[in-house]
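One file, work-v1.tsv, carrying TSV, C-alpha atoms:
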chain	number	residue	atom	x	y	z
A	1	MET	CA	-82.76	103.40	20.74
A	2	ILE	CA	-81.58	105.89	23.37
A	3	ALA	CA	-79.84	103.13	25.32
A	4	ARG	CA	-78.05	101.93	22.20
A	5	LEU	CA	-77.00	105.47	21.33
A	6	LEU	CA	-75.61	106.04	24.82
A	7	ALA	CA	-73.79	102.71	24.80
A	8	ALA	CA	-72.26	103.36	21.39
A	9	GLY	CA	-71.22	106.88	22.34
A	10	LEU	CA	-69.69	105.75	25.61
A	11	GLY	CA	-67.74	102.88	24.08
A	12	ALA	CA	-66.50	104.86	21.10
A	13	GLY	CA	-65.64	107.88	23.23
A	14	VAL	CA	-63.56	105.91	25.71
A	15	VAL	CA	-61.45	104.27	23.01
A	16	ALA	CA	-61.08	107.49	21.01
A	17	GLY	CA	-60.27	109.45	24.16
A	18	LEU	CA	-57.49	107.10	25.19
A	19	ALA	CA	-55.97	107.30	21.70
A	20	VAL	CA	-56.17	111.10	21.67
A	21	ALA	CA	-54.76	111.32	25.20
A	22	ALA	CA	-51.71	109.38	24.02
A	23	LEU	CA	-51.41	111.74	21.05
A	24	GLN	CA	-51.63	114.77	23.33
A	25	HIS	CA	-48.89	113.37	25.54
A	26	VAL	CA	-46.36	113.61	22.71
A	27	THR	CA	-47.67	116.74	20.94
A	28	THR	CA	-49.37	119.48	22.96
A	29	THR	CA	-48.37	118.54	26.52
A	30	PRO	CA	-44.61	119.14	26.05
A	31	LEU	CA	-45.40	122.55	24.53
A	32	ILE	CA	-47.61	123.49	27.50
A	33	LEU	CA	-44.87	122.48	29.94
A	34	ALA	CA	-42.33	124.55	28.02
A	35	ALA	CA	-44.65	127.57	28.06
A	36	GLU	CA	-45.13	127.25	31.81
A	37	VAL	CA	-41.37	127.53	32.25
A	38	TYR	CA	-41.42	130.91	30.50
A	39	GLU	CA	-44.45	132.02	32.51
A	40	ALA	CA	-42.84	130.99	35.80
A	41	ALA	CA	-39.60	132.74	34.89
A	42	GLN	CA	-41.43	136.02	34.40
A	43	HIS	CA	-42.91	135.72	37.88
A	44	ALA	CA	-39.43	135.22	39.35
A	45	HIS	CA	-39.99	131.56	40.14
A	46	ASP	CA	-37.35	128.93	39.70
A	47	ALA	CA	-37.93	127.94	36.08
A	48	ALA	CA	-35.44	125.12	36.31
A	49	GLN	CA	-37.14	123.44	39.26
A	50	ALA	CA	-38.70	120.18	38.14
A	51	ALA	CA	-42.15	119.18	39.32
A	52	PRO	CA	-42.36	116.06	41.48
A	53	ALA	CA	-42.92	112.83	39.58
A	54	PHE	CA	-46.22	112.26	41.38
A	55	GLU	CA	-47.48	115.68	40.32
A	56	GLY	CA	-46.67	114.91	36.70
A	57	LEU	CA	-48.48	111.58	36.93
A	58	ARG	CA	-51.52	113.18	38.54
A	59	ARG	CA	-51.64	115.84	35.88
A	60	THR	CA	-51.36	113.31	33.07
A	61	ALA	CA	-54.17	111.25	34.57
A	62	ALA	CA	-56.42	114.29	34.97
A	63	THR	CA	-55.75	115.43	31.41
A	64	SER	CA	-56.41	111.95	30.05
A	65	PHE	CA	-59.67	111.68	31.99
A	66	ALA	CA	-60.84	115.04	30.64
A	67	THR	CA	-59.90	114.01	27.10
A	68	VAL	CA	-61.88	110.78	27.38
A	69	ALA	CA	-64.89	112.73	28.69
A	70	VAL	CA	-64.65	115.18	25.78
A	71	CYS	CA	-64.43	112.37	23.22
A	72	ILE	CA	-67.47	110.67	24.75
A	73	GLY	CA	-69.30	113.96	24.28
A	74	TYR	CA	-68.11	114.20	20.68
A	75	ALA	CA	-69.27	110.66	19.90
A	76	LEU	CA	-72.68	111.28	21.46
A	77	ILE	CA	-73.12	114.56	19.58
A	78	LEU	CA	-72.25	112.94	16.26
A	79	LEU	CA	-74.48	109.92	16.80
A	80	ALA	CA	-77.40	112.04	17.99
A	81	GLY	CA	-77.04	114.38	15.03
A	82	MET	CA	-76.95	111.54	12.52
A	83	VAL	CA	-79.78	109.55	14.08
A	84	PHE	CA	-82.17	112.47	14.51
A	85	SER	CA	-81.41	113.88	11.06
A	86	GLY	CA	-82.20	110.51	9.50
A	87	ASP	CA	-78.69	110.00	8.12
A	88	ALA	CA	-77.31	106.47	7.86
A	89	VAL	CA	-74.77	105.81	10.61
A	90	SER	CA	-71.56	104.30	9.26
A	91	PRO	CA	-67.87	104.86	10.03
A	92	ARG	CA	-67.37	106.84	6.83
A	93	ARG	CA	-70.43	109.03	7.29
A	94	ALA	CA	-69.63	109.60	10.95
A	95	ALA	CA	-66.07	110.62	10.04
A	96	LEU	CA	-67.49	113.19	7.61
A	97	TRP	CA	-69.78	114.52	10.32
A	98	GLY	CA	-66.77	114.70	12.62
A	99	ALA	CA	-64.80	116.64	10.02
A	100	CYS	CA	-67.66	119.13	9.68
A	101	ALA	CA	-67.90	119.46	13.46
A	102	PHE	CA	-64.18	120.21	13.60
A	103	ALA	CA	-64.57	122.78	10.83
A	104	ALA	CA	-67.24	124.55	12.90
A	105	THR	CA	-65.75	124.30	16.40
A	106	GLY	CA	-62.03	124.26	15.63
A	107	LEU	CA	-61.04	125.53	12.22
A	108	ALA	CA	-63.48	128.43	11.87
A	109	THR	CA	-63.09	129.63	15.45
A	110	SER	CA	-59.29	129.45	15.30
A	111	LEU	CA	-59.27	132.15	12.62
A	112	GLY	CA	-60.19	134.66	15.32
A	113	LEU	CA	-59.18	132.81	18.47
A	114	ALA	CA	-56.21	130.54	17.98
A	115	PRO	CA	-55.41	127.97	20.71
A	116	GLN	CA	-53.26	129.66	23.36
A	117	LEU	CA	-50.51	128.56	25.70
A	118	PRO	CA	-50.16	129.64	29.35
A	119	GLY	CA	-48.66	133.12	29.47
A	120	ALA	CA	-50.15	134.19	26.14
A	121	ALA	CA	-51.76	137.60	25.81
A	122	GLU	CA	-55.54	137.46	26.20
A	123	THR	CA	-58.53	139.65	25.47
A	124	ASP	CA	-61.79	139.95	27.43
A	125	LEU	CA	-62.99	136.45	28.37
A	126	ALA	CA	-66.73	137.10	27.97
A	127	GLY	CA	-66.20	138.60	24.53
A	128	ARG	CA	-64.10	135.66	23.41
A	129	GLN	CA	-66.63	133.14	24.67
A	130	LEU	CA	-69.52	134.92	22.97
A	131	TRP	CA	-67.68	135.15	19.65
A	132	TRP	CA	-66.61	131.50	19.83
A	133	LEU	CA	-70.15	130.27	20.49
A	134	ALA	CA	-71.64	132.46	17.78
A	135	THR	CA	-69.01	131.41	15.25
A	136	ALA	CA	-69.34	127.69	15.99
A	137	ALA	CA	-73.14	127.81	15.81
A	138	SER	CA	-73.19	129.96	12.69
A	139	THR	CA	-70.61	127.80	10.89
A	140	GLY	CA	-72.40	124.60	11.86
A	141	ALA	CA	-75.72	125.92	10.60
A	142	GLY	CA	-74.07	127.16	7.42
A	143	LEU	CA	-72.44	123.81	6.71
A	144	TYR	CA	-75.75	122.04	7.29
A	145	ALA	CA	-77.47	124.34	4.82
A	146	LEU	CA	-74.73	123.90	2.22
A	147	LEU	CA	-74.46	120.13	2.50
A	148	ARG	CA	-77.97	118.99	3.40
A	149	LEU	CA	-80.39	121.42	1.77
A	150	GLU	CA	-81.13	121.49	-1.94
A	151	ALA	CA	-82.59	124.96	-2.46
A	152	MET	CA	-80.08	127.48	-3.80
A	153	PRO	CA	-81.33	130.31	-1.53
A	154	ALA	CA	-80.71	128.05	1.47
A	155	LYS	CA	-77.19	127.32	0.25
A	156	ALA	CA	-76.54	131.04	-0.22
A	157	ILE	CA	-77.72	131.71	3.33
A	158	GLY	CA	-75.47	128.89	4.53
A	159	ALA	CA	-72.44	130.45	2.86
A	160	ALA	CA	-73.30	133.81	4.40
A	161	LEU	CA	-73.58	132.24	7.86
A	162	ILE	CA	-70.10	130.76	7.52
A	163	VAL	CA	-68.52	134.05	6.49
A	164	ALA	CA	-70.46	136.49	8.69
A	165	PRO	CA	-68.74	135.92	12.08
A	166	HIS	CA	-65.34	136.78	10.62
A	167	PHE	CA	-66.40	140.39	10.11
A	168	PHE	CA	-66.64	140.70	13.89
A	169	TRP	CA	-63.38	139.23	15.20
A	170	PRO	CA	-62.54	139.84	18.87
A	171	THR	CA	-60.27	142.79	19.58
A	172	PRO	CA	-56.65	141.58	19.31
A	173	ALA	CA	-54.74	141.34	22.57
A	174	ALA	CA	-51.82	143.63	23.30
A	175	PRO	CA	-48.52	141.91	22.42
A	176	GLU	CA	-47.53	141.08	26.00
A	177	SER	CA	-47.09	137.33	25.75
A	178	THR	CA	-44.25	135.63	27.61
A	179	VAL	CA	-44.34	132.74	25.14
A	180	PRO	CA	-41.99	132.75	22.11
A	181	ALA	CA	-43.86	133.14	18.83
A	182	GLU	CA	-42.47	129.88	17.42
A	183	LEU	CA	-43.70	127.92	20.44
A	184	ALA	CA	-47.14	129.53	20.23
A	185	ALA	CA	-47.41	128.73	16.52
A	186	ARG	CA	-46.42	125.10	17.07
A	187	PHE	CA	-49.00	124.79	19.84
A	188	ALA	CA	-51.78	126.28	17.73
A	189	ALA	CA	-51.04	123.90	14.86
A	190	SER	CA	-50.69	120.88	17.15
A	191	SER	CA	-53.88	121.71	19.05
A	192	LEU	CA	-55.90	121.95	15.85
A	193	ALA	CA	-54.47	118.66	14.60
A	194	VAL	CA	-55.34	116.95	17.89
A	195	GLN	CA	-58.85	118.41	17.86
A	196	ALA	CA	-59.40	117.22	14.30
A	197	ALA	CA	-58.19	113.76	15.29
A	198	SER	CA	-60.54	113.79	18.28
A	199	TRP	CA	-63.63	114.48	16.19
A	200	ILE	CA	-62.70	112.06	13.40
A	201	PHE	CA	-61.58	109.24	15.73
A	202	ALA	CA	-64.79	109.66	17.72
A	203	GLY	CA	-66.83	109.60	14.53
A	204	VAL	CA	-65.20	106.53	13.01
A	205	LEU	CA	-65.39	104.57	16.25
A	206	ALA	CA	-68.96	105.71	16.89
A	207	GLY	CA	-69.93	104.39	13.47
A	208	LEU	CA	-68.22	101.07	14.13
A	209	VAL	CA	-69.71	100.61	17.60
A	210	TRP	CA	-73.15	101.69	16.38
A	211	ARG	CA	-72.98	98.99	13.74
A	212	LEU	CA	-72.24	96.44	16.46
A	213	VAL	CA	-74.95	97.51	18.91
A	214	THR	CA	-77.60	97.67	16.17
A	215	SER	CA	-76.60	94.48	14.36
A	216	ASP	CA	-79.67	92.66	15.68
A	217	MET	CA	-81.92	95.37	14.22
A	218	GLN	CA	-80.36	94.93	10.79
A	219	GLU	CA	-80.73	91.15	10.63
A	220	PRO	CA	-83.61	89.93	8.45
A	221	ALA	CA	-86.59	88.57	10.33
Representation of the structure as structure tokens:
Amino acid sequence: MIARLLAAGLGAGVVAGLAVAALQHVTTTPLILAAEVYEAAQHAHDAAQAAPAFEGLRRTAATSFATVAVCIGYALILLAGMVFSGDAVSPRRAALWGACAFAATGLATSLGLAPQLPGAAETDLAGRQLWWLATAASTGAGLYALLRLEAMPAKAIGAALIVAPHFFWPTPAAPESTVPAELAARFAASSLAVQAASWIFAGVLAGLVWRLVTSDMQEPA
């Protein structure tokens, strides 16, 4: 079972990661490059100087590799969660799990910590990390209670867990960003869309690959 889970997660994650890497190349990457121009200009560098072609290729390859690794992790998390919770693994169910995972790790956390471009104003790193982890865990547990448990008290606790972290948002950063507000807003929206696509692509493909690697277990004796 473990070998099948790893194989399904690896296969689904690689395909999903390549698709998401292509999506990033035309959505978030141009915005990051534009923000770096503003950041470099503030530090009195030559903002108009273009990076060598090889450097751009190396950076694209590194970003794509990291994206594939992340999507493999997403696929493994979704499969492990479904298998060990006793849920049936299918593309549709896995996509729903992926949507819930995005709600916990992307949507809920972005209410207090939106995705940021280089040069954006930042608050204390440790505080941001702690709040992000607490919010993701609390939202995930709350969604599980709301969607998987039948008792009304459990559902009420789940709703409270989802709401609670937002009473303790990190202290806002001083408005010292070098990035134009419009660019920052576009990046935040694009990043969330790409993250949602990552979770859902990984889920759908994990469900499809799982069906393939377990087909012999489903055949009648």
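Closest approach to Val68 in chain A from the set A:Gly98, A:Pro91, A:Gly158, A:Gly17 is made by A:Gly17, with distances taken over all atoms listed in the file.
One finds CA of Thr109 in chain A at 9.3 Å from CA of Ala134 in chain A.
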For this session: Mind checking which residues fall within 6 Å of Ile72 in chain A, counting all atoms listed in the file, ignoring those fewer than 2 positions away in the same chain, and posting them as a ChimeraX atom specification?
Result: /A:9-10,13,69-70,74-75
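Closest to Pro170 in chain A among A:Leu113, A:Ala137, A:Ile157, A:Ile200 is A:Leu113, based on only C-alpha atoms.
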For this session: In Å, rounded to a single decimal, give me how far CA of Ala16 in chain A is from CA of Gly56 in chain A.
Result: 22.6 Å
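With only C-alpha atoms as the basis for measurement, A:Ala80 is the residue among A:Ala188, A:Ala80, A:Glu182, A:Leu117 that approaches Ile2 in chain A most closely.
Checking A:Ala151, A:Arg128, A:Ser110, A:Arg211 one by one against Ala88 in chain A, counting all atoms listed in the file, you find the shortest gap at A:Arg211.
Taking all atoms listed in the file into account, Thr60 in chain A lies nearest to A:Thr29 out of the set A:Ser198, A:Thr29, A:Thr105, A:Ser190.
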